[in-house]
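Chemist: Okay, so here is structure-v5.cif, and as you'll see once you scroll down, it has mmCIF, C-alpha atoms.
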data_query
#
loop_
_atom_site.group_PDB
_atom_site.id
_atom_site.type_symbol
_atom_site.label_atom_id
_atom_site.label_comp_id
_atom_site.auth_asym_id
_atom_site.auth_seq_id
_atom_site.Cartn_x
_atom_site.Cartn_y
_atom_site.Cartn_z
ATOM 1 C CA MET G 1 72.093 78.984 70.823
ATOM 2 C CA VAL G 2 73.918 82.258 71.539
ATOM 3 C CA ARG G 3 74.313 81.305 75.176
ATOM 4 C CA LEU G 4 75.790 77.888 74.331
ATOM 5 C CA PHE G 5 78.270 79.468 71.909
ATOM 6 C CA SER G 6 79.343 82.052 74.517
ATOM 7 C CA THR G 7 79.892 79.349 77.098
ATOM 8 C CA LEU G 8 81.983 77.320 74.668
ATOM 9 C CA MET G 9 84.154 80.343 73.827
ATOM 10 C CA LEU G 10 84.628 81.093 77.524
ATOM 11 C CA CYS G 11 85.903 77.566 78.115
ATOM 12 C CA ILE G 12 88.349 77.900 75.222
ATOM 13 C CA LEU G 13 89.790 81.054 76.791
ATOM 14 C CA LEU G 14 90.346 79.325 80.105
ATOM 15 C CA VAL G 15 92.888 76.702 81.032
ATOM 16 C CA SER G 16 90.041 74.607 82.388
ATOM 17 C CA CYS G 17 86.329 74.784 83.072
ATOM 18 C CA ASN G 18 86.730 72.479 86.055
ATOM 19 C CA LYS G 19 86.024 74.507 89.170
ATOM 20 C CA ASP G 20 88.915 72.805 91.023
ATOM 21 C CA GLU G 21 91.536 73.752 88.435
ATOM 22 C CA ALA G 22 93.183 77.000 87.428
ATOM 23 C CA VAL G 23 91.021 79.666 85.785
ATOM 24 C CA ILE G 24 93.368 81.651 83.561
ATOM 25 C CA PRO G 25 92.324 84.188 80.896
ATOM 26 C CA SER G 26 94.451 83.966 77.777
ATOM 27 C CA GLU G 27 96.062 87.373 78.446
ATOM 28 C CA PHE G 28 97.803 85.911 81.512
ATOM 29 C CA ALA G 29 98.684 82.403 80.292
ATOM 30 C CA THR G 30 102.146 83.331 78.972
ATOM 31 C CA TYR G 31 103.201 84.825 82.291
ATOM 32 C CA LEU G 32 101.769 82.006 84.385
ATOM 33 C CA ASN G 33 103.604 79.470 82.209
ATOM 34 C CA ARG G 34 106.839 81.427 82.677
ATOM 35 C CA PHE G 35 106.353 81.382 86.439
ATOM 36 C CA VAL G 36 105.778 77.628 86.529
ATOM 37 C CA ASN G 37 108.724 76.939 84.194
ATOM 38 C CA GLU G 38 111.140 79.193 86.090
ATOM 39 C CA ALA G 39 110.153 77.446 89.312
ATOM 40 C CA LYS G 40 110.723 74.044 87.692
ATOM 41 C CA LEU G 41 114.186 75.111 86.497
ATOM 42 C CA ARG G 42 114.987 75.800 90.138
ATOM 43 C CA GLY G 43 113.643 72.488 91.412
ATOM 44 C CA LYS G 44 110.315 73.856 92.604
ATOM 45 C CA THR G 45 106.871 72.431 91.777
ATOM 46 C CA ILE G 46 103.990 74.887 91.631
ATOM 47 C CA SER G 47 100.404 73.762 92.177
ATOM 48 C CA LEU G 48 97.762 75.765 90.338
ATOM 49 C CA ASP G 49 94.781 74.048 91.993
ATOM 50 C CA LYS G 50 91.851 76.452 92.345
ATOM 51 C CA LEU G 51 93.912 79.460 91.223
ATOM 52 C CA GLU G 52 91.927 82.201 89.501
ATOM 53 C CA LEU G 53 93.436 85.109 87.571
ATOM 54 C CA ARG G 54 91.116 87.892 86.490
ATOM 55 C CA PHE G 55 90.861 91.519 85.452
ATOM 56 C CA LYS G 56 89.334 93.781 88.082
ATOM 57 C CA ASP G 57 89.052 97.566 88.065
ATOM 58 C CA MET G 58 91.186 98.898 90.902
ATOM 59 C CA GLU G 59 91.745 102.607 91.354
ATOM 60 C CA ASN G 60 94.944 102.457 93.384
ATOM 61 C CA ASN G 61 96.514 99.076 92.508
ATOM 62 C CA CYS G 62 97.852 97.385 89.402
ATOM 63 C CA GLY G 63 97.565 94.001 91.083
ATOM 64 C CA LEU G 64 96.142 92.433 94.220
ATOM 65 C CA ALA G 65 96.444 88.839 95.441
ATOM 66 C CA GLU G 66 93.926 86.981 97.603
ATOM 67 C CA ILE G 67 94.493 83.741 99.473
ATOM 68 C CA VAL G 68 90.848 82.753 100.134
ATOM 69 C CA PRO G 69 89.678 82.332 97.467
ATOM 70 C CA LEU G 70 93.020 81.808 95.719
ATOM 71 C CA ARG G 71 92.917 84.680 93.251
ATOM 72 C CA VAL G 72 95.049 87.298 91.526
ATOM 73 C CA ASN G 73 93.330 90.506 90.437
ATOM 74 C CA ILE G 74 94.906 92.711 87.766
ATOM 75 C CA ASP G 75 93.737 96.180 86.790
ATOM 76 C CA GLU G 76 93.191 96.043 83.026
ATOM 77 C CA ALA G 77 94.068 99.678 82.273
ATOM 78 C CA CYS G 78 97.340 99.362 84.180
ATOM 79 C CA TRP G 79 98.133 96.011 82.537
ATOM 80 C CA ASN G 80 97.628 97.391 79.042
ATOM 81 C CA ARG G 81 100.100 100.221 79.705
ATOM 82 C CA LEU G 82 102.939 97.882 80.677
ATOM 83 C CA PRO G 83 105.605 96.403 78.371
ATOM 84 C CA ASP G 84 106.181 92.648 78.397
ATOM 85 C CA VAL G 85 108.912 92.528 81.041
ATOM 86 C CA ALA G 86 106.936 94.755 83.415
ATOM 87 C CA LYS G 87 103.878 92.506 82.974
ATOM 88 C CA GLU G 88 106.073 89.553 83.928
ATOM 89 C CA LEU G 89 107.321 91.337 87.047
ATOM 90 C CA LEU G 90 103.805 92.329 88.102
ATOM 91 C CA MET G 91 102.455 88.816 87.599
ATOM 92 C CA PHE G 92 105.417 87.130 89.324
ATOM 93 C CA HIS G 93 104.974 89.513 92.273
ATOM 94 C CA GLU G 94 101.274 88.719 92.685
ATOM 95 C CA LEU G 95 101.895 84.979 92.232
ATOM 96 C CA GLY G 96 104.584 85.306 94.878
ATOM 97 C CA HIS G 97 101.870 86.462 97.254
ATOM 98 C CA ALA G 98 99.218 83.938 96.152
ATOM 99 C CA LEU G 99 101.226 80.769 95.499
ATOM 100 C CA LEU G 100 104.429 81.239 97.504
ATOM 101 C CA ARG G 101 102.752 83.052 100.423
ATOM 102 C CA LEU G 102 105.392 85.816 100.406
ATOM 103 C CA ASP G 103 104.932 89.210 102.058
ATOM 104 C CA HIS G 104 106.152 92.547 100.763
ATOM 105 C CA ASP G 105 109.896 93.108 101.142
ATOM 106 C CA GLU G 106 111.332 96.618 100.765
ATOM 107 C CA SER G 107 114.884 95.795 101.861
ATOM 108 C CA THR G 108 117.713 96.801 99.551
ATOM 109 C CA LEU G 109 120.920 95.382 98.122
ATOM 110 C CA PRO G 110 124.339 96.957 98.848
ATOM 111 C CA ASN G 111 124.130 99.048 95.647
ATOM 112 C CA GLY G 112 120.691 100.428 96.618
ATOM 113 C CA ASP G 113 118.543 98.308 94.287
ATOM 114 C CA TYR G 114 115.596 96.531 95.868
ATOM 115 C CA LYS G 115 116.388 93.026 97.065
ATOM 116 C CA SER G 116 113.207 91.266 95.977
ATOM 117 C CA ILE G 117 110.420 91.111 93.417
ATOM 118 C CA MET G 118 108.181 91.386 96.466
ATOM 119 C CA VAL G 119 108.822 95.134 96.687
ATOM 120 C CA PRO G 120 105.456 96.974 96.367
ATOM 121 C CA ASP G 121 106.229 98.175 92.803
ATOM 122 C CA PRO G 122 108.286 95.439 91.107
ATOM 123 C CA THR G 123 107.912 96.766 87.554
ATOM 124 C CA VAL G 124 111.076 98.906 87.809
ATOM 125 C CA LEU G 125 113.483 96.120 88.832
ATOM 126 C CA TYR G 126 114.672 95.161 85.361
ATOM 127 C CA ASN G 127 113.730 95.585 81.708
ATOM 128 C CA ASP G 128 114.965 94.506 78.278
ATOM 129 C CA PHE G 129 118.094 96.614 78.784
ATOM 130 C CA THR G 130 118.970 95.298 82.258
ATOM 131 C CA ILE G 131 117.765 91.751 81.641
ATOM 132 C CA GLU G 132 120.930 90.242 83.144
ATOM 133 C CA LYS G 133 119.477 91.172 86.570
ATOM 134 C CA ARG G 134 116.534 88.806 85.996
ATOM 135 C CA VAL G 135 118.341 85.617 87.084
ATOM 136 C CA TYR G 136 119.141 87.103 90.487
ATOM 137 C CA TYR G 137 115.550 88.226 91.127
ATOM 138 C CA LEU G 138 114.049 84.875 90.140
ATOM 139 C CA ASP G 139 116.591 82.943 92.240
ATOM 140 C CA GLU G 140 115.659 85.169 95.183
ATOM 141 C CA LEU G 141 111.919 84.767 94.518
ATOM 142 C CA PHE G 142 112.061 80.971 94.524
ATOM 143 C CA GLY G 143 114.437 80.771 97.485
ATOM 144 C CA VAL G 144 117.492 79.277 95.759
ATOM 145 C CA LEU G 145 119.863 82.251 95.957
ATOM 146 C CA LYS G 146 123.447 81.204 96.752
ATOM 147 C CA GLY G 147 125.116 84.596 96.936
ATOM 148 C CA LEU G 148 124.962 88.092 95.491
ATOM 149 C CA PRO G 149 126.121 88.824 91.913
ATOM 150 C CA ALA G 150 128.889 91.374 91.314
ATOM 151 C CA TRP G 151 126.516 94.089 90.090
ATOM 152 C CA THR G 152 124.951 94.388 93.558
ATOM 153 C CA ALA G 153 128.204 95.608 95.148
ATOM 154 C CA VAL G 154 128.744 99.179 96.375
ATOM 155 C CA LYS G 155 130.429 101.360 93.729
ATOM 156 C CA THR G 156 133.238 103.565 95.114
ATOM 157 C CA ASN G 157 135.282 104.921 92.177
ATOM 158 C CA GLU G 158 133.876 108.347 91.234
ATOM 159 C CA TYR G 159 134.185 110.031 87.823
ATOM 160 C CA SER G 160 132.672 113.284 86.524
ATOM 161 C CA VAL G 161 130.471 112.995 83.424
ATOM 162 C CA ILE G 162 128.944 116.508 83.445
ATOM 163 C CA ASP G 163 129.887 119.479 85.649
ATOM 164 C CA ASP G 164 127.922 122.525 84.479
ATOM 165 C CA ASN G 165 127.671 125.727 86.504
ATOM 166 C CA ILE G 166 125.843 127.340 83.547
ATOM 167 C CA THR G 167 128.501 129.140 81.581
ATOM 168 C CA LEU G 168 127.612 130.834 78.297
ATOM 169 C CA PRO G 169 126.939 129.797 75.608
ATOM 170 C CA THR G 170 124.754 127.119 77.177
ATOM 171 C CA ALA G 171 123.499 123.867 75.658
ATOM 172 C CA TRP G 172 120.312 124.055 77.731
ATOM 173 C CA ALA G 173 117.073 124.648 75.771
ATOM 174 C CA PHE G 174 113.908 126.171 77.279
ATOM 175 C CA VAL G 175 110.538 124.635 76.370
ATOM 176 C CA SER G 176 107.058 125.783 77.433
ATOM 177 C CA SER G 177 104.506 122.991 77.068
ATOM 178 C CA ASN G 178 100.700 122.899 76.892
ATOM 179 C CA GLY G 179 100.142 126.603 77.482
ATOM 180 C CA ALA G 180 102.320 127.094 80.563
ATOM 181 C CA LEU G 181 102.619 130.842 81.324
ATOM 182 C CA HIS G 182 106.331 130.768 82.101
ATOM 183 C CA GLU G 183 109.492 132.599 81.082
ATOM 184 C CA GLY G 184 112.864 130.880 80.984
ATOM 185 C CA GLU G 185 116.060 132.912 81.258
ATOM 186 C CA VAL G 186 119.779 132.487 81.863
ATOM 187 C CA ILE G 187 120.527 135.111 84.527
ATOM 188 C CA ASP G 188 123.679 136.457 86.194
ATOM 189 C CA THR G 189 122.037 138.139 89.194
ATOM 190 C CA VAL G 190 121.281 134.919 91.102
ATOM 191 C CA TYR G 191 123.539 131.874 91.160
ATOM 192 C CA TYR G 192 125.153 129.295 93.424
ATOM 193 C CA SER G 193 128.444 129.184 91.528
ATOM 194 C CA ALA G 194 129.501 132.119 89.392
ATOM 195 C CA GLU G 195 128.430 133.338 87.079
ATOM 196 C CA ASN G 196 124.933 132.262 85.848
ATOM 197 C CA CYS G 197 121.950 130.058 86.605
ATOM 198 C CA LEU G 198 118.831 128.835 84.796
ATOM 199 C CA ALA G 199 115.604 130.529 85.931
ATOM 200 C CA ILE G 200 111.918 129.892 85.266
ATOM 201 C CA LYS G 201 109.420 132.585 86.289
ATOM 202 C CA SER G 202 105.673 132.058 86.362
ATOM 203 C CA ASN G 203 103.424 134.784 84.942
ATOM 204 C CA GLY G 204 100.238 132.977 85.982
ATOM 205 C CA THR G 205 98.741 129.555 86.494
ATOM 206 C CA SER G 206 97.736 127.214 83.694
ATOM 207 C CA SER G 207 97.840 123.596 82.658
ATOM 208 C CA GLY G 208 101.020 122.048 81.331
ATOM 209 C CA PHE G 209 104.558 122.790 82.502
ATOM 210 C CA SER G 210 107.800 124.304 81.297
ATOM 211 C CA PHE G 211 111.362 123.059 81.516
ATOM 212 C CA TRP G 212 115.009 123.484 80.707
ATOM 213 C CA ARG G 213 116.303 120.442 78.830
ATOM 214 C CA TYR G 214 119.832 119.128 78.323
ATOM 215 C CA GLN G 215 120.307 116.089 76.106
ATOM 216 C CA TRP G 216 123.428 114.216 75.116
ATOM 217 C CA ILE G 217 124.773 110.897 73.857
ATOM 218 C CA PRO G 218 126.354 109.068 76.796
ATOM 219 C CA GLN G 219 130.036 108.261 76.538
ATOM 220 C CA GLY G 220 132.264 106.606 79.093
ATOM 221 C CA ILE G 221 129.385 105.154 81.137
ATOM 222 C CA GLU G 222 129.476 101.354 81.275
ATOM 223 C CA VAL G 223 126.644 98.898 81.799
ATOM 224 C CA GLY G 224 126.190 98.374 85.534
ATOM 225 C CA ASP G 225 127.742 101.698 86.584
ATOM 226 C CA GLU G 226 125.960 103.771 89.197
ATOM 227 C CA VAL G 227 125.001 107.202 87.821
ATOM 228 C CA VAL G 228 123.975 110.158 89.995
ATOM 229 C CA LEU G 229 122.383 113.424 88.874
ATOM 230 C CA LYS G 230 122.946 116.304 91.325
ATOM 231 C CA LEU G 231 121.882 119.954 91.160
ATOM 232 C CA LYS G 232 121.175 123.019 93.287
ATOM 233 C CA ILE G 233 117.691 124.582 93.394
ATOM 234 C CA LYS G 234 116.574 127.927 94.859
ATOM 235 C CA SER G 235 112.901 128.913 95.068
ATOM 236 C CA GLU G 236 110.920 132.112 95.587
ATOM 237 C CA ASP G 237 107.249 131.866 96.569
ATOM 238 C CA LEU G 238 106.579 128.639 94.662
ATOM 239 C CA THR G 239 103.006 127.359 94.988
ATOM 240 C CA ASN G 240 100.876 124.402 93.897
ATOM 241 C CA GLY G 241 102.779 121.842 91.737
ATOM 242 C CA GLY G 242 106.148 123.480 92.381
ATOM 243 C CA ALA G 243 109.522 122.705 90.816
ATOM 244 C CA TYR G 244 111.097 119.322 90.214
ATOM 245 C CA PHE G 245 113.448 117.573 87.819
ATOM 246 C CA ALA G 246 113.714 114.363 85.827
ATOM 247 C CA PHE G 247 116.425 112.112 84.385
ATOM 248 C CA ARG G 248 115.482 109.991 81.361
ATOM 249 C CA ALA G 249 117.224 107.485 79.064
ATOM 250 C CA ASP G 250 115.938 106.743 75.568
ATOM 251 C CA ILE G 251 116.498 104.371 72.670
ATOM 252 C CA GLN G 252 115.227 105.299 69.225
ATOM 253 C CA GLY G 253 112.073 103.432 68.260
ATOM 254 C CA GLU G 254 111.266 102.309 71.809
ATOM 255 C CA GLU G 255 107.797 103.262 73.053
ATOM 256 C CA PHE G 256 108.904 103.532 76.677
ATOM 257 C CA PRO G 257 111.992 105.236 78.126
ATOM 258 C CA VAL G 258 114.619 102.815 79.388
ATOM 259 C CA PHE G 259 114.551 104.634 82.705
ATOM 260 C CA PHE G 260 112.750 107.711 84.000
ATOM 261 C CA TYR G 261 113.487 109.126 87.442
ATOM 262 C CA THR G 262 111.646 112.205 88.687
ATOM 263 C CA THR G 263 111.206 114.184 91.901
ATOM 264 C CA GLN G 264 107.684 115.278 90.918
ATOM 265 C CA GLY G 265 106.259 113.474 93.941
ATOM 266 C CA ASP G 266 108.361 115.668 96.259
ATOM 267 C CA PRO G 267 108.468 119.105 94.574
ATOM 268 C CA VAL G 268 110.290 122.227 95.762
ATOM 269 C CA LEU G 269 107.776 124.705 97.220
ATOM 270 C CA GLY G 270 107.838 128.018 99.074
ATOM 271 C CA THR G 271 110.939 130.188 99.479
ATOM 272 C CA ASN G 272 114.286 128.480 99.981
ATOM 273 C CA ASP G 273 117.957 129.241 99.384
ATOM 274 C CA PHE G 274 120.007 126.978 97.119
ATOM 275 C CA LYS G 275 119.904 123.371 98.279
ATOM 276 C CA GLU G 276 121.314 120.204 96.698
ATOM 277 C CA TYR G 277 118.970 117.551 95.298
ATOM 278 C CA SER G 278 119.780 114.289 93.545
ATOM 279 C CA VAL G 279 118.487 111.122 91.880
ATOM 280 C CA LYS G 280 120.464 107.916 91.458
ATOM 281 C CA VAL G 281 120.474 105.207 88.796
ATOM 282 C CA ASN G 282 121.791 102.147 90.606
ATOM 283 C CA TYR G 283 122.468 100.126 87.451
ATOM 284 C CA PHE G 284 123.105 101.850 84.129
ATOM 285 C CA PRO G 285 121.361 99.940 81.290
ATOM 286 C CA SER G 286 122.800 98.791 77.979
ATOM 287 C CA MET G 287 122.263 100.338 74.532
ATOM 288 C CA ILE G 288 121.302 103.861 75.717
ATOM 289 C CA GLU G 289 121.328 106.275 72.775
ATOM 290 C CA GLN G 290 120.360 109.507 74.530
ATOM 291 C CA LEU G 291 120.184 110.899 78.051
ATOM 292 C CA ASN G 292 117.940 113.829 79.005
ATOM 293 C CA ILE G 293 117.821 116.089 82.044
ATOM 294 C CA PHE G 294 114.633 118.126 82.567
ATOM 295 C CA LEU G 295 114.464 121.033 85.070
ATOM 296 C CA ILE G 296 110.728 121.645 85.456
ATOM 297 C CA LEU G 297 108.216 124.149 86.795
ATOM 298 C CA ASP G 298 104.614 122.959 86.990
ATOM 299 C CA GLY G 299 102.065 125.034 85.060
ATOM 300 C CA SER G 300 99.865 125.407 88.141
ATOM 301 C CA SER G 301 102.655 127.174 90.060
ATOM 302 C CA THR G 302 103.332 130.816 90.789
ATOM 303 C CA GLY G 303 106.759 132.109 91.799
ATOM 304 C CA THR G 304 110.294 131.655 90.458
ATOM 305 C CA VAL G 305 112.763 128.779 90.521
ATOM 306 C CA TYR G 306 116.534 128.818 89.912
ATOM 307 C CA PHE G 307 118.699 125.834 88.892
ATOM 308 C CA ASP G 308 122.491 125.743 89.115
ATOM 309 C CA ASP G 309 125.524 123.448 89.411
ATOM 310 C CA ILE G 310 124.206 120.478 87.441
ATOM 311 C CA GLN G 311 126.432 117.439 87.838
ATOM 312 C CA VAL G 312 126.315 113.900 86.513
ATOM 313 C CA LEU G 313 128.688 111.494 88.257
ATOM 314 C CA LYS G 314 129.379 107.843 87.584
ATOM 315 C CA TYR G 315 130.657 105.234 90.023
ATOM 316 C CA ASN G 316 132.124 101.799 89.342
#
Would you write out, as structure tokens, the structure that this file holds?
Modeler:
Amino acid sequence: MVRLFSTLMLCILLVSCNKDEAVIPSEFATYLNRFVNEAKLRGKTISLDKLELRFKDMENNCGLAEIVPLRVNIDEACWNRLPDVAKELLMFHELGHALLRLDHDESTLPNGDYKSIMVPDPTVLYNDFTIEKRVYYLDELFGVLKGLPAWTAVKTNEYSVIDDNITLPTAWAFVSSNGALHEGEVIDTVYYSAENCLAIKSNGTSSGFSFWRYQWIPQGIEVGDEVVLKLKIKSEDLTNGGAYFAFRADIQGEEFPVFFYTTQGDPVLGTNDFKEYSVKVNYFPSMIEQLNIFLILDGSSTGTVYFDDIQVLKYN
């Protein structure tokens, strides 16, 4: 009796129990229906014959499509971490492989954004606060694009938003997190531009990290503007996790940041004189309530890092 009940419940959770039709767990049905409907709006008919969608533990992938058998695998832990729009992008990407037979495409638009949902990590292409980009990406996915929208153009008009060579008093706040054995100091003995810089010195290795933080309410930055964070970094004998920085946008009450760019994957290590580093936001989102800059030293590091000449520029 238990076995019969389990089989019945399994069939209810699937689109069909017919082996020749789509096998779709309920968690994915919304996103598959969106895919089919968006294709139909663009004059495309999608066949779901023999398609299977399933959760599969994958250490290094959020999603993986197979052609024979026709199957999309999704890592459940990764899926559960994603907001709705990112789940849509992940599913549309994998269905692009499985049903549209599309390969990865890492080419870029004139403004630097990726051209296609078929980029290896599509979840960053748009969100609830850049949703106007969605039409372009779906037109491109289904092969009905008739030209590039205005937001994809190169931005050439430059304006200064922040230009801080660390004068006193400073609005930067030092935070040591999770037991990091670091000291933060505004010093006047080392700098790129007179007469101060922000320093973090390690007194030993630990977990966690420390950082200088600057936060402000954005003004004068319009939706669709390009925004660039630039700064100079000098290092002395940095080891292990090294120094890096991050640029984050937040909206009160939102679980996830609207954007989060970091150089953690390419940290500053060793001994180096001041050098310029940057991150770029190709399309500034709507409704941003707070912007944050973090200048970070990893807790596992020894050595000293210096930050100076922090600039935020906008282009339109």
Chemist: Evaluate the PyMOL selection byres ((chain G and resi 305) around 12) on the structure here and hand back the selected residues as a ChimeraX atom specification.
Modeler: /G:182-187,190-191,197-202,210-212,232-239,242-245,267-275,295-298,301-304,306-308
Chemist: What lies within 9 Å of Glu88 in chain G using all atoms listed in the file, ignoring chain neighbours under 4 positions off, as a list in words?
Modeler: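 Once the nearby chain positions are removed, what remains is Thr30, Tyr31, Leu32, Arg34, Phe35, Pro83, Asp84, Phe92, His93 and Thr123 of chain G.
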Chemist: Using only C-alpha atoms, which residues sit within 8 Å of Ala65 in chain G once same-chain residues fewer than 6 positions away are excluded, as a list of chain:residue names?
Modeler: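 Result of the neighbour search: G:Arg71, G:Val72, G:Asn73, G:Glu94, G:Leu95, G:His97, G:Ala98.
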Chemist: Run through the PyMOL selection byres ((chain G and resi 281) around 6) on the given coordinates and return the selected residues as a list in words.
Modeler: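 In the shown coordinates, the PyMOL selection byres ((chain G and resi 281) around 6) covers Glu226, Val227, Lys280, Asn282 and Tyr283 of chain G.
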Chemist: Nearest residue to Asn60 in chain G out of G:Val175, G:Pro285, G:Cys78, G:Leu48, using all atoms listed in the file?
Modeler: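 Checking each of G:Val175, G:Pro285, G:Cys78, G:Leu48 against Asn60 in chain G, counting all atoms listed in the file, the winner is G:Cys78.
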Chemist: Of the candidates G:Phe259, G:Phe284, G:Leu168, G:Ser300, which one gets nearest to Ala180 in chain G if we count all atoms listed in the file?
Modeler: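 Comparing G:Phe259, G:Phe284, G:Leu168, G:Ser300 against Ala180 in chain G, the winner is G:Ser300.
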Chemist: Using all atoms listed in the file, list the residues that have an atom at most 10 Å from (124.0, 104.1, 72.3), coordinates as in the file, as a PyMOL selection string.
Modeler: chain G and resi 217-219+250-252+286-291
Chemist: Which centre and edge lengths in Å to one decimal define the box along x, y and z that fits every listed atom of range 160-175 of chain G plus 5 Å per side, as AutoDock Vina command-line options?
Modeler:
--center_x 121.6 --center_y 121.9 --center_z 81.1 --size_x 32.1 --size_y 27.8 --size_z 20.9
Chemist: List the neighbours of range 133-145 of chain G out to 7 Å using all atoms listed in the file; skip same-chain residues closer than 6 positions along the sequence, and give me the result as a CSV table (one decimal) with C-alpha atoms, in the frame of the given file.
Modeler:
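Output below, filename around-v4.csv:
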chain,number,residue,atom,x,y,z
G,39,ALA,CA,110.2,77.4,89.3
G,116,SER,CA,113.2,91.3,96.0
G,117,ILE,CA,110.4,91.1,93.4
G,126,TYR,CA,114.7,95.2,85.4
Chemist: List every protein, DNA or RNA residue that has at least one atom no more than 12 Å from (101.5, 120.3, 73.8) in the file's coordinates, counting only C-alpha atoms, and write the result as a CSV table (one decimal) with C-alpha atoms, in the coordinates of the input.
Modeler:
chain,number,residue,atom,x,y,z
G,175,VAL,CA,110.5,124.6,76.4
G,176,SER,CA,107.1,125.8,77.4
G,177,SER,CA,104.5,123.0,77.1
G,178,ASN,CA,100.7,122.9,76.9
G,179,GLY,CA,100.1,126.6,77.5
G,180,ALA,CA,102.3,127.1,80.6
G,207,SER,CA,97.8,123.6,82.7
G,208,GLY,CA,101.0,122.0,81.3
G,209,PHE,CA,104.6,122.8,82.5
G,210,SER,CA,107.8,124.3,81.3
Chemist: Using all atoms listed in the file, which of G:Ala171, G:Ile166, G:Leu229, G:Ala194 sits nearest Thr262 in chain G?
Modeler: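 Closest candidate: G:Leu229.
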